[in-house]
Amino acid sequence: MDKIAVLYDAGQAVLSTFDLDEVLQRILAIAHDYFHLRNVAILLLDQRSQELYVRSQIGWDEGQDKIRWSLGQGITGTAANKKRPVYSPDVSTDPHYICSAKSTRSELAIPLMVRDEMVGVLDCQSDRLNHFDPETIDLLTLFSTQASMALQNARLYSLEQQRARQLQAINAIAQQTTAVLDLEDLLGKVCGLIQDAFRVSHVSLLLREDHDLVLRAHHGSLTPRIPVGGRFAATSDPWVVVLADSRTSMESDLSSVPESAKFFTESASRLCIPLISFGQTLGVLALDSDKTDAFRDGDQQSLESVADICATAIQNAHYVERVKQLAYLDGLTGIFNRRFFELRIIEEIERARRYGSGMAVIMADIDQFKRLNDEFGHLLGDEVLRQVSSLFHQQLRKMDVVCRYGGEEFAILLAQVNAEEALGVAEKLKKAVAGWQFPGVPRTITISAGTAVLPEHGATRDDLVRAADTALYSAKQSGRNRVCLATLASGQTVGARN
């Protein structure tokens, strides 16, 4: 009766809580104290790899709890494979024995079963030979049934708690992302929210640009291997699967993946989810972990819901960005207008000051444009404006900005240039226009341009524009079809270039 009472008390103890860690500790404590076991462990089954791993233990030698057992391997793996207790009264003569503690002399492994499903193994070891008599084995087997139920209840409770947290996280992300309409702000905020809510090592957002994926934002604790703005070919693995098939890619172990395909130094596993909005794949939401096999199938559905929310928010931000761009585009030429110029020149001046790099303003004007309109009409004049805008756009770098300042005048912002380089760009634009055959215009079209550089010709927006405008006036007065550099602070001037 005493042993039945012990078994009853033990069962009540392990079934009285839903906290998984507490259940595990109680199972170990009861096996250790009630059954006088020196070494005891609970191994759980990894459903994906079909391997046993140590979830909690008492008395094992240091480092031995990191080993994994396949089904059929060792005494524990044999018990799991056969789904019945396996007893070795003398481990020194047992060919299946795998040492986890040097003090072990006998070992009993009992599968933890829920219905017919095996969830793990209760591994009991003693420093005495033939420690486990039939009655003790029966009692431990009965206790393992109660332990199995307690483990399953705790896992189900933990899963429900996790799902509840994930639903709250999804709702919070949905609420917070809907209010952010600036694309750059949105991308950074999304990464931070997901990393915090789902407790992963790192979150990245890559957006599709032409045939590439571009890393636009990331947040987390890992060490980046590429900067924001880094590009990956959309046709390489794993992106080709994610983008072409619009399906999630789960990589449980990145040890064999080329370093060039990793975002972060410590990445050990990765989950990549396509960002799909209205049937269009916008990019990829990537989650990295510094642990192998970190992602479970149960996480995937919740994270795909988050990806859908992100895709919609990104699409909305794209629409807002396009609307903003339309407000900053010149309706006739399609290039930026003066309103956009006024915004960007302040940004470029601040950036040049912060990084100690140069920047320049070119003011350019089509020579004798009024005469052109008078001779050939405004429709042809409009076409000349469009083609000059297109020529400027083709000759400049992507980082440069060309705007229609008003009428036939253009304002151009050049980043990271000195005076000589800026003057060279202006000269290149002048030659491109003079060498172009404008349809319907029987004579050569030319431009004049004035160039001013920060800080030599001014430290503010007004100073730079005024200096470039004055240089443009000098180019006109010098006979047109030429470029001039603004007056230097000392009063010295650079002559016009034909």
# chains A, B, ... in the order shown; residues from 1 in each chain; ligands from 1
call {"tool": "residues_around", "arguments": {"residues": "Gln301 (chain A)", "least_positions_apart": "4", "cutoff": "12 Å", "atoms": "only C-alpha atoms", "output": "short mmCIF file (atom, residue, chain, number, x, y, z; two decimals) with C-alpha atoms, in the first residue's frame"}}
result
data_model
loop_
_atom_site.label_atom_id
_atom_site.label_comp_id
_atom_site.auth_asym_id
_atom_site.auth_seq_id
_atom_site.Cartn_x
_atom_site.Cartn_y
_atom_site.Cartn_z
CA ARG A 163 -0.90 30.77 -30.15
CA GLN A 166 1.03 35.08 -31.58
CA LEU A 167 -2.55 36.21 -32.23
CA ILE A 170 -0.44 39.62 -35.24
CA ARG A 247 5.82 29.35 -51.01
CA THR A 248 7.65 29.41 -47.71
CA LEU A 271 12.58 30.79 -42.54
CA ILE A 273 8.21 33.76 -46.46
CA PHE A 295 11.42 26.98 -36.57
CA ARG A 296 8.43 24.68 -36.22
CA ASP A 297 5.57 24.00 -38.61
CA SER A 305 -0.31 35.75 -41.60
CA VAL A 306 2.18 38.40 -40.45
CA ALA A 307 3.81 38.35 -43.91
CA ASP A 308 0.40 38.97 -45.53
#
call {"tool": "atom_distance", "arguments": {"atom1": "CA of Gln125 (chain A)", "atom2": "CA of Pro85 (chain A)"}}
result
13.2 Å
call {"tool": "closest_residue", "arguments": {"among": "A:Ser389, A:Thr136, A:Ser260, A:Gln57", "to": "Asp21 (chain A)", "atoms": "only C-alpha atoms"}}
result
A:Gln57
call {"tool": "residues_around", "arguments": {"residues": "Gly220 (chain A)", "least_positions_apart": "6", "cutoff": "7 Å", "atoms": "only C-alpha atoms", "output": "PDB file with N, CA and C atoms, in the first residue's frame"}}
result
ATOM      1  N   GLN A 195      10.479  40.750 -34.640  1.00  0.00           N
ATOM      2  CA  GLN A 195      11.562  40.179 -33.844  1.00  0.00           C
ATOM      3  C   GLN A 195      11.195  40.116 -32.369  1.00  0.00           C
ATOM      4  N   SER A 201      16.058  35.452 -33.568  1.00  0.00           N
ATOM      5  CA  SER A 201      17.327  36.180 -33.460  1.00  0.00           C
ATOM      6  C   SER A 201      17.347  37.430 -34.331  1.00  0.00           C
ATOM      7  N   HIS A 202      16.833  37.306 -35.575  1.00  0.00           N
ATOM      8  CA  HIS A 202      16.924  38.440 -36.495  1.00  0.00           C
ATOM      9  C   HIS A 202      15.806  38.377 -37.531  1.00  0.00           C
ATOM     10  N   VAL A 203      15.315  39.541 -37.930  1.00  0.00           N
ATOM     11  CA  VAL A 203      14.259  39.645 -38.948  1.00  0.00           C
ATOM     12  C   VAL A 203      14.741  40.593 -40.047  1.00  0.00           C
TER      13      VAL A 203
END
call {"tool": "residues_around", "arguments": {"residues": "Leu464 (chain A)", "least_positions_apart": "3", "cutoff": "12 Å", "atoms": "only C-alpha atoms", "output": "PyMOL selection string"}}
result
chain A and resi 345-346+348-349+359-363+411-413+450-461+467-471+485-489
